[in-house]
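work.csv, holding CSV, C-alpha atoms and all ligand atoms:
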chain,number,residue,atom,x,y,z
K,1,MET,CA,1.0,-20.7,17.2
K,2,PRO,CA,2.0,-19.4,20.6
K,3,SER,CA,-0.5,-16.8,22.0
K,4,LEU,CA,0.6,-13.2,22.3
K,5,HIS,CA,0.7,-11.4,25.6
K,6,VAL,CA,-0.2,-7.7,25.1
K,7,ARG,CA,-0.1,-4.9,27.6
K,8,THR,CA,-1.0,-1.3,26.9
K,9,GLU,CA,-0.3,1.5,29.4
K,10,ARG,CA,-0.4,5.2,29.4
K,11,ALA,CA,3.0,6.8,28.6
K,12,GLU,CA,4.6,9.9,27.1
K,13,PRO,CA,6.5,8.5,24.2
K,14,GLY,CA,7.4,12.0,22.8
K,15,ARG,CA,8.3,11.9,19.1
K,16,LEU,CA,6.7,8.6,17.9
K,17,LEU,CA,9.0,7.9,14.9
K,18,GLU,CA,12.1,8.0,17.2
K,19,HIS,CA,11.0,4.7,18.6
K,20,ALA,CA,11.1,2.9,15.2
K,21,GLU,CA,14.0,1.0,13.7
K,22,PRO,CA,15.9,3.4,11.4
K,23,ARG,CA,16.3,1.0,8.5
K,24,TRP,CA,12.9,-0.7,8.9
K,25,PRO,CA,10.3,1.6,10.5
K,26,LEU,CA,6.7,0.5,11.2
K,27,ALA,CA,4.4,3.5,11.2
K,28,ILE,CA,0.9,4.7,10.3
K,29,ARG,CA,0.6,8.4,11.0
K,30,ARG,CA,-1.9,11.2,10.3
K,31,GLY,CA,-0.5,14.5,11.6
K,32,ALA,CA,0.4,14.2,15.2
K,33,ASP,CA,-1.7,11.0,15.7
K,34,GLY,CA,-0.8,7.4,14.9
K,35,ILE,CA,1.1,4.3,15.9
K,36,VAL,CA,4.7,3.4,15.5
K,37,GLY,CA,6.2,-0.1,16.0
K,38,ARG,CA,9.5,-1.7,16.7
K,39,GLY,CA,10.7,-5.3,16.6
K,40,VAL,CA,8.7,-8.3,15.4
K,41,ALA,CA,6.7,-10.4,17.8
K,42,MET,CA,4.9,-12.2,15.0
K,43,ARG,CA,5.1,-12.0,11.2
K,44,LEU,CA,2.5,-13.7,9.0
K,45,GLU,CA,2.9,-13.9,5.2
K,46,PHE,CA,0.4,-14.5,2.5
K,47,ARG,CA,0.4,-14.8,-1.3
K,48,GLY,CA,-2.0,-15.1,-4.2
K,49,PRO,CA,-5.7,-14.6,-4.8
K,50,SER,CA,-6.7,-15.7,-1.3
K,51,ARG,CA,-4.1,-13.4,0.5
K,52,PHE,CA,-6.8,-11.3,2.2
K,53,THR,CA,-9.2,-14.0,3.3
K,54,ASP,CA,-6.2,-16.1,4.5
K,55,ALA,CA,-5.0,-13.1,6.5
K,56,ALA,CA,-8.4,-12.5,7.9
K,57,ASP,CA,-8.7,-16.1,9.1
K,58,ALA,CA,-5.1,-16.2,10.5
K,59,TRP,CA,-5.7,-12.9,12.3
K,60,ARG,CA,-9.0,-14.1,13.9
K,61,ASP,CA,-7.0,-17.0,15.4
K,62,VAL,CA,-4.2,-14.7,16.7
K,63,ALA,CA,-6.7,-12.3,18.2
K,64,ARG,CA,-8.8,-15.1,19.8
K,65,ASP,CA,-5.7,-16.6,21.5
K,66,ALA,CA,-4.1,-13.3,22.6
K,67,VAL,CA,-4.0,-12.3,26.2
K,68,VAL,CA,-4.7,-8.5,26.2
K,69,ASP,CA,-4.5,-6.0,29.1
K,70,ASP,CA,-5.4,-2.6,27.7
K,71,ALA,CA,-5.6,0.3,30.1
K,72,VAL,CA,-6.2,2.9,27.4
K,73,ALA,CA,-8.8,1.3,25.0
K,74,VAL,CA,-8.8,3.7,22.1
K,75,PRO,CA,-8.3,2.8,18.4
K,76,GLY,CA,-4.7,1.6,18.1
K,77,THR,CA,-4.2,0.3,21.6
K,78,GLY,CA,-4.1,-3.4,22.6
K,79,LEU,CA,-3.3,-6.0,20.0
K,80,VAL,CA,-2.4,-4.4,16.6
K,81,ALA,CA,-0.7,-5.6,13.4
K,82,PHE,CA,0.7,-3.5,10.7
K,83,GLY,CA,0.0,-4.8,7.2
K,84,ALA,CA,0.8,-4.4,3.5
K,85,PHE,CA,-0.6,-6.3,0.6
K,86,ALA,CA,0.4,-6.9,-2.9
K,87,PHE,CA,-1.6,-5.2,-5.6
K,88,ASP,CA,-2.0,-8.1,-8.0
K,89,ASP,CA,-3.1,-11.7,-7.3
K,90,ALA,CA,-0.1,-12.9,-9.4
K,91,SER,CA,2.5,-10.6,-7.8
K,92,ALA,CA,5.8,-12.1,-6.5
K,93,ALA,CA,5.6,-9.7,-3.5
K,94,THR,CA,4.6,-11.2,-0.2
K,95,SER,CA,1.7,-9.7,1.7
K,96,VAL,CA,2.3,-9.3,5.5
K,97,LEU,CA,0.8,-8.8,8.9
K,98,ILE,CA,3.4,-7.8,11.4
K,99,VAL,CA,2.9,-7.6,15.2
K,100,PRO,CA,5.7,-5.5,16.6
K,101,LYS,CA,7.3,-6.1,20.1
K,102,LEU,CA,6.7,-2.5,21.0
K,103,VAL,CA,4.0,0.0,19.8
K,104,VAL,CA,3.9,3.7,20.8
K,105,GLY,CA,0.9,5.7,19.9
K,106,ARG,CA,-1.0,8.9,20.2
K,107,ARG,CA,-4.6,9.8,19.5
K,108,GLY,CA,-5.6,13.3,20.5
K,109,ASP,CA,-4.8,13.6,24.2
K,110,ASP,CA,-4.3,9.8,24.7
K,111,GLU,CA,-0.7,8.6,24.5
K,112,TRP,CA,0.4,5.0,25.2
K,113,VAL,CA,2.9,2.3,24.9
K,114,THR,CA,2.0,-1.3,24.1
K,115,TRP,CA,4.4,-4.2,24.9
K,116,ILE,CA,3.9,-7.5,23.1
K,117,GLY,CA,5.7,-10.3,24.9
K,118,ASP,CA,8.6,-9.2,27.2
K,119,GLU,CA,8.4,-5.6,28.5
K,120,GLY,CA,11.5,-3.6,28.1
K,121,ARG,CA,12.5,0.1,28.1
K,122,LEU,CA,11.8,2.8,25.6
K,123,HIS,CA,15.0,3.9,23.9
K,124,PRO,CA,14.2,6.6,21.3
K,125,THR,CA,17.0,7.5,18.9
K,126,ALA,CA,17.4,10.8,16.9
K,127,VAL,CA,16.2,10.6,13.3
K,128,GLU,CA,19.0,11.1,10.8
K,129,GLU,CA,18.5,12.5,7.3
K,130,VAL,CA,19.0,10.3,4.2
K,131,ARG,CA,19.0,11.8,0.8
K,132,VAL,CA,18.2,9.9,-2.4
K,133,GLU,CA,17.6,11.0,-6.0
K,134,LEU,CA,15.3,9.0,-8.1
K,135,THR,CA,16.0,8.2,-11.8
K,136,ASP,CA,14.2,6.5,-14.7
K,137,GLY,CA,12.8,3.1,-13.9
K,138,ALA,CA,11.4,0.4,-16.3
K,139,ILE,CA,8.8,2.8,-17.6
K,140,ASP,CA,10.4,6.1,-18.5
K,141,ALA,CA,8.5,9.1,-19.9
K,142,GLU,CA,8.6,8.0,-23.5
K,143,ARG,CA,7.4,4.5,-22.6
K,144,TYR,CA,4.7,5.9,-20.4
K,145,ARG,CA,3.3,8.0,-23.2
K,146,ALA,CA,3.2,4.9,-25.4
K,147,VAL,CA,1.5,2.9,-22.6
K,148,VAL,CA,-1.2,5.6,-22.2
K,149,THR,CA,-1.7,5.7,-26.0
K,150,GLU,CA,-2.1,1.9,-26.1
K,151,ALA,CA,-4.5,2.0,-23.2
K,152,THR,CA,-6.7,4.6,-25.0
K,153,GLU,CA,-6.7,2.4,-28.1
K,154,ARG,CA,-7.7,-0.7,-26.1
K,155,ILE,CA,-10.5,1.4,-24.5
K,156,ARG,CA,-11.6,2.5,-28.0
K,157,ALA,CA,-11.6,-1.1,-29.1
K,158,GLY,CA,-14.0,-1.9,-26.2
K,159,GLU,CA,-11.6,-4.0,-24.1
K,160,ALA,CA,-12.2,-1.8,-21.0
K,161,GLU,CA,-13.8,1.5,-20.0
K,162,LYS,CA,-11.1,2.7,-17.6
K,163,ILE,CA,-7.5,1.5,-17.0
K,164,VAL,CA,-5.2,2.9,-14.4
K,165,VAL,CA,-1.6,2.7,-15.7
K,166,ALA,CA,1.5,3.6,-13.7
K,167,ARG,CA,5.1,4.4,-14.3
K,168,ASP,CA,8.1,3.9,-11.9
K,169,ARG,CA,11.2,5.8,-10.8
K,170,VAL,CA,14.1,4.0,-9.0
K,171,GLY,CA,17.0,4.8,-6.6
K,172,GLN,CA,19.3,3.3,-4.0
K,173,LEU,CA,19.2,3.8,-0.3
K,174,PRO,CA,22.7,4.1,1.2
K,175,PRO,CA,23.6,1.4,3.6
K,176,ASP,CA,22.0,2.1,7.0
K,177,GLY,CA,20.0,5.0,5.5
K,178,ASP,CA,17.5,6.2,8.1
K,179,VAL,CA,14.1,5.6,6.4
K,180,ARG,CA,12.4,7.3,9.4
K,181,SER,CA,13.5,10.7,8.0
K,182,VAL,CA,11.5,10.1,4.9
K,183,ALA,CA,8.4,9.3,7.0
K,184,VAL,CA,9.0,12.4,9.2
K,185,GLY,CA,9.3,14.5,6.0
K,186,LEU,CA,6.0,13.1,4.7
K,187,VAL,CA,4.2,13.6,8.0
K,188,GLN,CA,5.3,17.3,8.0
K,189,ARG,CA,4.4,18.0,4.4
K,190,TYR,CA,1.2,16.0,4.2
K,191,PRO,CA,-0.4,16.3,7.7
K,192,ASP,CA,-3.9,15.3,6.3
K,193,ALA,CA,-2.7,12.3,4.5
K,194,VAL,CA,-1.8,8.9,6.1
K,195,THR,CA,2.0,8.5,6.2
K,196,TYR,CA,2.8,4.8,6.1
K,197,ALA,CA,6.0,2.8,6.7
K,198,VAL,CA,5.4,-0.9,6.7
K,199,ASP,CA,8.0,-3.6,5.7
K,200,GLY,CA,9.9,-1.3,3.3
K,201,LEU,CA,6.9,0.4,1.9
K,202,VAL,CA,6.8,4.1,2.6
K,203,GLY,CA,4.7,7.0,1.4
K,204,ALA,CA,1.8,9.4,2.2
K,205,SER,CA,-1.6,8.3,1.0
K,206,PRO,CA,-4.6,10.6,0.7
K,207,GLU,CA,-7.0,7.6,-0.1
K,208,THR,CA,-8.6,5.7,2.8
K,209,LEU,CA,-9.8,2.3,1.5
K,210,ILE,CA,-11.6,1.3,4.7
K,211,ALA,CA,-11.3,2.7,8.2
K,212,ALA,CA,-13.6,0.9,10.7
K,213,HIS,CA,-14.1,1.2,14.5
K,214,ARG,CA,-16.9,-0.4,16.5
K,215,GLY,CA,-18.7,-1.4,13.4
K,216,HIS,CA,-18.8,2.0,11.7
K,217,PHE,CA,-16.8,2.5,8.6
K,218,PHE,CA,-15.4,5.3,6.4
K,219,SER,CA,-14.1,5.0,2.9
K,220,ARG,CA,-12.8,7.8,0.6
K,221,VAL,CA,-12.6,7.2,-3.1
K,222,LEU,CA,-10.3,9.5,-5.2
K,223,ALA,CA,-10.2,9.6,-8.9
K,224,GLY,CA,-9.9,12.7,-11.1
K,225,THR,CA,-6.8,14.9,-10.6
K,226,ALA,CA,-5.6,18.4,-11.4
K,227,ALA,CA,-2.4,20.2,-10.4
K,228,ARG,CA,-2.9,23.1,-8.0
K,229,GLY,CA,-3.1,26.7,-9.4
K,230,ALA,CA,-0.4,29.2,-8.9
K,231,THR,CA,-2.8,31.9,-7.7
K,232,PRO,CA,-5.9,31.6,-5.5
K,233,SER,CA,-8.2,32.6,-8.3
K,234,ARG,CA,-6.6,30.2,-10.8
K,235,ASP,CA,-6.6,27.5,-8.1
K,236,ALA,CA,-10.4,28.0,-7.5
K,237,GLU,CA,-11.0,27.8,-11.3
K,238,ILE,CA,-9.1,24.5,-11.5
K,239,ALA,CA,-11.2,23.0,-8.6
K,240,GLU,CA,-14.4,24.2,-10.3
K,241,ALA,CA,-13.4,22.8,-13.7
K,242,LEU,CA,-12.4,19.4,-12.1
K,243,ALA,CA,-15.8,19.1,-10.3
K,244,SER,CA,-17.8,19.9,-13.5
K,245,GLY,CA,-15.5,18.4,-16.2
K,246,ASP,CA,-17.1,15.5,-18.0
K,247,LYS,CA,-13.9,13.4,-18.4
K,248,ASP,CA,-12.9,13.6,-14.7
K,249,LEU,CA,-16.4,13.0,-13.5
K,250,ARG,CA,-16.7,9.9,-15.7
K,251,GLU,CA,-13.3,8.7,-14.5
K,252,HIS,CA,-14.4,9.3,-10.9
K,253,ARG,CA,-17.7,7.6,-11.3
K,254,PHE,CA,-16.1,4.3,-12.3
K,255,ALA,CA,-14.1,4.3,-9.1
K,256,ALA,CA,-16.8,5.5,-6.8
K,257,ASP,CA,-19.3,3.1,-8.2
K,258,SER,CA,-16.9,0.1,-7.9
K,259,ALA,CA,-16.4,0.9,-4.2
K,260,MET,CA,-20.1,1.6,-3.5
K,261,ALA,CA,-21.2,-1.6,-5.2
K,262,VAL,CA,-19.0,-3.7,-2.8
K,263,LEU,CA,-19.8,-1.6,0.3
K,264,ARG,CA,-23.5,-1.7,-0.3
K,265,GLU,CA,-23.4,-5.5,-0.4
K,266,LEU,CA,-21.6,-5.5,3.0
K,267,ALA,CA,-23.5,-2.6,4.6
K,268,PRO,CA,-27.0,-2.0,3.3
K,269,ASP,CA,-27.0,1.4,5.0
K,270,ALA,CA,-23.8,2.6,3.1
K,271,ARG,CA,-24.2,6.2,2.0
K,272,ALA,CA,-22.0,8.0,-0.6
K,273,SER,CA,-21.5,11.8,-0.7
K,274,GLU,CA,-21.6,13.7,-4.0
K,275,PRO,CA,-18.2,13.9,-5.6
K,276,PHE,CA,-16.3,17.0,-4.3
K,277,PRO,CA,-13.0,18.6,-5.0
K,278,LEU,CA,-10.4,17.7,-2.3
K,279,ARG,CA,-7.4,20.0,-1.9
K,280,LEU,CA,-4.0,18.5,-1.2
K,281,PRO,CA,-0.8,20.4,-0.9
K,282,ASN,CA,0.3,19.4,-4.5
K,283,LEU,CA,-2.9,18.7,-6.3
K,284,TRP,CA,-6.7,18.5,-6.4
K,285,HIS,CA,-8.6,15.3,-6.5
K,286,LEU,CA,-12.3,14.5,-7.0
K,287,ALA,CA,-13.4,12.6,-3.8
K,288,THR,CA,-16.4,10.6,-2.7
K,289,ASP,CA,-16.8,9.7,1.0
K,290,ILE,CA,-18.8,6.6,1.9
K,291,THR,CA,-20.0,5.8,5.4
K,292,GLY,CA,-22.1,3.1,7.0
K,293,THR,CA,-22.1,0.2,9.5
K,294,LEU,CA,-20.3,-3.1,9.0
K,295,GLY,CA,-21.2,-5.0,12.1
K,296,ASP,CA,-18.4,-7.2,13.4
K,297,ARG,CA,-16.8,-8.0,10.0
K,298,SER,CA,-13.0,-7.8,9.9
K,299,THR,CA,-11.5,-5.0,7.7
K,300,LEU,CA,-9.4,-7.7,6.1
K,301,ASP,CA,-12.6,-9.4,4.9
K,302,VAL,CA,-13.7,-6.0,3.4
K,303,LEU,CA,-10.4,-5.7,1.6
K,304,ALA,CA,-10.8,-9.1,0.1
K,305,LEU,CA,-13.9,-7.7,-1.8
K,306,LEU,CA,-13.0,-4.0,-2.1
K,307,HIS,CA,-9.4,-4.2,-3.5
K,308,PRO,CA,-8.7,-3.1,-6.2
K,309,THR,CA,-11.2,-0.4,-6.7
K,310,ALA,CA,-11.3,1.3,-10.1
K,311,ALA,CA,-9.3,4.1,-8.6
K,312,VAL,CA,-6.2,2.0,-9.0
K,313,GLY,CA,-7.4,-0.9,-11.2
K,314,GLY,CA,-10.1,-0.1,-13.7
K,315,THR,CA,-13.5,-1.0,-15.1
K,316,PRO,CA,-14.4,-3.8,-15.6
K,317,ARG,CA,-12.1,-5.1,-12.9
K,318,GLU,CA,-10.7,-8.3,-14.4
K,319,ALA,CA,-10.2,-6.9,-17.9
K,320,SER,CA,-8.4,-3.8,-16.7
K,321,LEU,CA,-6.1,-5.9,-14.4
K,322,ALA,CA,-5.1,-8.1,-17.3
K,323,LEU,CA,-4.4,-4.9,-19.4
K,324,ILE,CA,-2.4,-3.4,-16.6
K,325,ARG,CA,-0.2,-6.5,-16.4
K,326,GLU,CA,0.2,-6.5,-20.2
K,327,LEU,CA,0.8,-2.8,-20.7
K,328,GLU,CA,3.0,-2.0,-17.7
K,329,GLY,CA,4.9,-5.3,-17.9
K,330,VAL,CA,6.4,-4.9,-14.4
K,331,ASP,CA,5.3,-6.3,-11.0
K,332,ARG,CA,3.6,-3.5,-9.0
K,333,GLY,CA,4.6,-5.2,-5.8
K,334,ARG,CA,2.7,-3.5,-3.0
K,335,TYR,CA,2.2,-0.3,-4.9
K,336,ALA,CA,-1.6,0.5,-5.0
K,337,GLY,CA,-2.3,-2.3,-2.6
K,338,PRO,CA,-3.8,-1.9,0.9
K,339,VAL,CA,-1.4,-0.7,3.7
K,340,GLY,CA,-2.5,0.0,7.2
K,341,TRP,CA,-3.2,-1.6,10.6
K,342,ILE,CA,-5.7,-3.9,12.2
K,343,ASP,CA,-6.7,-4.5,15.8
K,344,GLY,CA,-8.0,-7.5,17.7
K,345,ASP,CA,-11.6,-6.8,16.8
K,346,GLY,CA,-10.8,-6.6,13.1
K,347,GLY,CA,-11.2,-2.7,13.1
K,348,GLY,CA,-8.4,-0.5,11.8
K,349,GLU,CA,-7.4,1.7,8.9
K,350,TRP,CA,-6.3,0.7,5.5
K,351,VAL,CA,-5.2,3.2,2.9
K,352,ILE,CA,-4.1,2.6,-0.7
K,353,ALA,CA,-0.3,2.5,-1.0
K,354,LEU,CA,0.0,5.6,-3.3
K,355,ARG,CA,2.5,8.5,-3.4
K,356,GLY,CA,5.2,6.2,-2.0
K,357,ALA,CA,8.0,3.8,-2.8
K,358,GLU,CA,9.1,0.3,-1.8
K,359,ILE,CA,12.5,-0.2,-0.4
K,360,ALA,CA,13.9,-3.7,-0.9
K,361,ALA,CA,16.2,-5.5,1.5
K,362,ASP,CA,19.2,-4.5,-0.6
K,363,GLY,CA,18.2,-0.8,-0.5
K,364,GLY,CA,16.8,-0.7,-4.0
K,365,ILE,CA,14.0,1.8,-4.1
K,366,ARG,CA,11.1,1.8,-6.6
K,367,ALA,CA,8.4,4.5,-6.6
K,368,PHE,CA,5.3,4.2,-8.7
K,369,ALA,CA,2.5,6.7,-9.7
K,370,GLY,CA,-0.4,6.0,-12.0
K,371,ALA,CA,-3.3,7.8,-13.6
K,372,GLY,CA,-6.8,6.6,-14.7
K,373,ILE,CA,-7.1,6.4,-18.4
K,374,VAL,CA,-10.5,6.7,-20.1
K,375,ALA,CA,-11.6,7.4,-23.6
K,376,GLY,CA,-10.2,10.8,-24.5
K,377,SER,CA,-7.2,10.7,-22.1
K,378,ASP,CA,-4.1,12.6,-23.4
K,379,PRO,CA,-0.7,11.0,-22.9
K,380,GLU,CA,1.1,14.2,-22.2
K,381,ALA,CA,-1.4,15.3,-19.6
K,382,GLU,CA,-1.3,11.8,-17.9
K,383,LEU,CA,2.5,11.9,-17.8
K,384,ALA,CA,2.4,15.4,-16.1
K,385,GLU,CA,-0.2,14.1,-13.7
K,386,THR,CA,1.9,11.1,-12.6
K,387,GLY,CA,4.8,13.6,-12.2
K,388,VAL,CA,2.8,15.6,-9.7
K,389,LYS,CA,1.8,12.4,-7.9
K,390,LEU,CA,5.4,11.3,-7.7
K,391,ARG,CA,6.4,14.6,-6.0
K,392,PRO,CA,5.6,13.7,-2.4
K,393,ILE,CA,8.0,10.7,-2.3
K,394,THR,CA,10.5,12.3,-4.7
K,395,ASP,CA,10.8,15.4,-2.4
K,396,ALA,CA,10.7,13.4,0.8
K,397,LEU,CA,13.6,11.3,-0.5
K,398,ALA,CA,15.6,14.2,-1.9
K,399,ASP,CA,15.2,16.5,1.1
K,400,PRO,CA,13.4,14.8,3.9
K,401,LEU,CA,13.7,17.4,6.7
K,402,PRO,CA,13.5,20.8,5.0
V,1,LIG,C1,-2.9,5.7,-9.2
V,1,LIG,C2,-2.7,6.8,-8.4
V,1,LIG,O1,-3.7,7.6,-7.9
V,1,LIG,C3,-5.1,7.2,-8.1
V,1,LIG,C4,-5.6,7.7,-9.4
V,1,LIG,C5,-6.2,9.0,-9.5
V,1,LIG,C6,-6.6,9.5,-10.8
V,1,LIG,O2,-6.4,8.8,-11.8
V,1,LIG,O3,-7.0,10.7,-10.9
V,1,LIG,C7,-6.5,9.7,-8.3
V,1,LIG,C8,-6.2,9.2,-7.1
V,1,LIG,C9,-5.8,7.8,-6.9
V,1,LIG,O4,-6.9,7.0,-6.7
V,1,LIG,C10,-1.4,7.1,-7.9
V,1,LIG,O5,-1.2,8.1,-7.1
V,1,LIG,O6,-0.4,6.4,-8.3
As structure tokens, what does this structure read like?
Ligand SMILES: C=C(O[C@@H]1C=C(C(=O)O)C=C[C@H]1O)C(=O)O
Amino acid sequence: MPSLHVRTERAEPGRLLEHAEPRWPLAIRRGADGIVGRGVAMRLEFRGPSRFTDAADAWRDVARDAVVDDAVAVPGTGLVAFGAFAFDDASAATSVLIVPKLVVGRRGDDEWVTWIGDEGRLHPTAVEEVRVELTDGAIDAERYRAVVTEATERIRAGEAEKIVVARDRVGQLPPDGDVRSVAVGLVQRYPDAVTYAVDGLVGASPETLIAAHRGHFFSRVLAGTAARGATPSRDAEIAEALASGDKDLREHRFAADSAMAVLRELAPDARASEPFPLRLPNLWHLATDITGTLGDRSTLDVLALLHPTAAVGGTPREASLALIRELEGVDRGRYAGPVGWIDGDGGGEWVIALRGAEIAADGGIRAFAGAGIVAGSDPEAELAETGVKLRPITDALADPLP
């Protein structure tokens, strides 16, 4: 493989997303911060059960051979790749690492541009609005209720303790639709979430699988969900009920324990917070934050062990994955897989591809949302919960720039 020549310099890129390709933006944003890419200097593809370790090995080679001149040296400068990985080992979807030709970024007061290969000129273009309505996909409301009922029966029969089952909604992007508008809409509405746009996958995720820089990591596990209340007092009651409710705490424990078991193996000093209610614009989640030190391990090596946590798979892992395949009966693609970026040291930030959709080459759009099913889950409540989880991407597609 030819070695990459990478140069980062200070710049004032203005609105980051204006530098991305309209139909195929590359972006990882949190509020005003983030990185946006354009063009492809290198594209690596992976498949199957070894996709994460293959990616980790390939990326180590790329990073070792790259010639990097980085005048800014903050997370997101120098050599970076955007990545998106399939949820299931057996998925037909490819997993990718993409090094753009141009990256523009901002982190607090630092702003930069990175050229990979030839240096050119910045030519931002105004974002145009695209509007798409989603309709029933392969798993409509009726089928989803049946899937949840079946999942609770399988749990009662002892086949698993928790299974996260999802449903889908579909749509069609008009030719040349500007996908950047969807990302802009998500950044504006969900400033605390990570808005991602990578190889057709777009959404705003509240769940950080692993973020690592200079050996220190952060991971946030979400499981247990309630819609926001209409009044402040009702809203507070809902948060209180979520944090003390037996079903939600059990559902949460499976997810937090699955992440902690892996992270403690990798980082003996890993520490988990107590579960706490996390407020998002559209809902409450129960959250556990985990921190610790990873040493010089690549975040891709961590993903190989951490994905899928029981927040998006279930408990036990293999049994729940088999049940998801059987009960959903559709390929999740990259939904609920890791999406994010990685730098030359293996640091970076990977979130779970939730609250989003995948846009295929032909413009076909498929959005997924799921819910954790445990003993005692109610199909109607889980249907409503997935409706709330679909709202960010549904709204951003229907009315991106309100
Ligand atoms: C599966 C999704 O979300 C996950 C499931 C949750 C739950 O069951 O309470 C909460 C957060 C996420 O970990 C989704 O958004 O599609």
Practice item. Write as an MDAnalysis selection string the residues around ligand LIG 1 (chain V), taking 7 Å as the cut-off and counting all atoms listed in the file. Key: chainID K and resid 164 166 207 221:225 285 311:312 336 354:355 368:372 386 389
Test item: residues at most 6 Å from Thr288 (chain K), all atoms listed in the file, excluding those fewer than 3 positions along its chain, as a PDB file with C-alpha atoms, in the frame of the given file:
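Generated output (result.pdb):
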ATOM      1  CA  ARG K 220     -12.800   7.800   0.600  1.00  0.00           C
ATOM      2  CA  VAL K 221     -12.600   7.200  -3.100  1.00  0.00           C
ATOM      3  CA  SER K 273     -21.500  11.800  -0.700  1.00  0.00           C
ATOM      4  CA  PRO K 275     -18.200  13.900  -5.600  1.00  0.00           C
TER       5      PRO K 275
END
**Study point:** Protein, DNA and RNA residues within 8 Å of (-13.0, -9.5, 13.2), all atoms listed in the file, as a PyMOL selection string
**Key:** chain K and resi 56+60+296-299+344-347
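With all atoms listed in the file as the atoms that count, the minimum distance from Ala227 (chain K) to the choices K:Pro400, K:Gly376, K:Gly137, K:Pro281 is reached by K:Pro281.
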Exercise for review: Excluding Leu303 (chain K) and residues on its chain fewer than 3 positions from it, collect all residues at most 8 Å away from it, counting only C-alpha atoms, and give them as a PyMOL selection string.
Suggested key: chain K and resi 52+210+299-300+306-307+338
At most 10 Å is the cut-off: for each residue in region 316-358 of chain K with any atom that close to an atom of region 155-163 of chain K, write down the nearest atom pair and the distance in Å rounded to one decimal, counting all atoms listed in the file, chain first then increasing number, as CSV.
residue,atom,partner,partner_atom,distance
K:Pro316,CA,K:Ala160,CA,6.2
K:Arg317,CA,K:Ala160,CA,8.7
K:Glu318,CA,K:Ala160,CA,9.4
K:Ala319,CA,K:Ala160,CA,6.3
K:Ser320,CA,K:Ile163,CA,5.4
K:Leu321,CA,K:Ile163,CA,8.0
K:Ala322,CA,K:Ile163,CA,9.9
K:Leu323,CA,K:Ile163,CA,7.5
K:Ile324,CA,K:Ile163,CA,7.1
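Distances from K:Gly108, K:Pro308, K:Gly340, K:Pro100 to Ala41 (chain K) were compared using all atoms listed in the file, and the smallest one belongs to K:Pro100.
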Six-sided padding of 8 Å per side, axis-aligned box over region 351-365 of chain K, centre and edges in Å, one decimal, as lines of an AutoDock Vina configuration file:
center_x = 7.0
center_y = 1.5
center_z = -0.6
size_x = 40.4
size_y = 30.0
size_z = 23.0
Exercise for review: Check the smallest atom-to-atom distance from each of K:Leu383, K:Trp112, K:Gly34, K:Ile365 to Thr135 (chain K) using only C-alpha atoms, then report the winner.
Suggested key: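 So, comparing all the options, the nearest one is K:Ile365.
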Exercise for review: Measuring atom to atom with only C-alpha atoms, identify which of K:Pro277, K:Gly117, K:Pro174, K:Gly83 is nearest to Arg228 (chain K).
Suggested key: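 The closest residue to Arg228 (chain K) is K:Pro277.
Distance annotation: of K:Ile116, K:Val194, K:Leu390, K:Ile290, the residue with the minimal separation from Ser258 (chain K) is K:Ile290; atom set is only C-alpha atoms.
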Practice item. Mind checking which residues fall within 10 Å of Leu122 (chain K), counting only C-alpha atoms, ignoring those fewer than 3 positions away in the same chain, and posting them as a ChimeraX atom specification? Key: /K:13,18-19,102,104,113,119,125
Check your understanding: Of the candidates K:Val130, K:Ala193, K:Ala71, K:Ile35, which one gets nearest to Trp341 (chain K) if we count all atoms listed in the file?
Key ->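 Closest candidate: K:Ile35.
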**Study point:** Contacts of Pro379 (chain K) within 10 Å, all atoms listed in the file, excl. fewer than 2 positions in-chain, as a ChimeraX atom specification
**Key:** /K:141-142,144-152,373,376-377,381-385
C-alpha atoms of the current selection, written as an mmCIF file, keeping the file's coordinate frame:
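This is the output file selection00.cif:
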data_model
loop_
_atom_site.group_PDB
_atom_site.id
_atom_site.type_symbol
_atom_site.label_atom_id
_atom_site.label_comp_id
_atom_site.auth_asym_id
_atom_site.auth_seq_id
_atom_site.Cartn_x
_atom_site.Cartn_y
_atom_site.Cartn_z
ATOM 1 C CA ALA K 141 8.500 9.100 -19.900
ATOM 2 C CA GLU K 142 8.600 8.000 -23.500
ATOM 3 C CA TYR K 144 4.700 5.900 -20.400
ATOM 4 C CA ARG K 145 3.300 8.000 -23.200
ATOM 5 C CA ALA K 146 3.200 4.900 -25.400
ATOM 6 C CA VAL K 147 1.500 2.900 -22.600
ATOM 7 C CA VAL K 148 -1.200 5.600 -22.200
ATOM 8 C CA THR K 149 -1.700 5.700 -26.000
ATOM 9 C CA GLU K 150 -2.100 1.900 -26.100
ATOM 10 C CA ALA K 151 -4.500 2.000 -23.200
ATOM 11 C CA THR K 152 -6.700 4.600 -25.000
ATOM 12 C CA ILE K 373 -7.100 6.400 -18.400
ATOM 13 C CA GLY K 376 -10.200 10.800 -24.500
ATOM 14 C CA SER K 377 -7.200 10.700 -22.100
ATOM 15 C CA ALA K 381 -1.400 15.300 -19.600
ATOM 16 C CA GLU K 382 -1.300 11.800 -17.900
ATOM 17 C CA LEU K 383 2.500 11.900 -17.800
ATOM 18 C CA ALA K 384 2.400 15.400 -16.100
ATOM 19 C CA GLU K 385 -0.200 14.100 -13.700
#
Practice item. Could you tell me how far CA of Val36 (chain K) lies from CA of Ala20 (chain K), in Å and to one decimal? Key: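 We find that CA of Val36 (chain K) and CA of Ala20 (chain K) lie 6.4 Å from each other.
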Exercise for review: Report the distance between CA of Val388 (chain K) and CA of Leu286 (chain K) in Å, rounded to one decimal place.
Suggested key: 15.4 Å
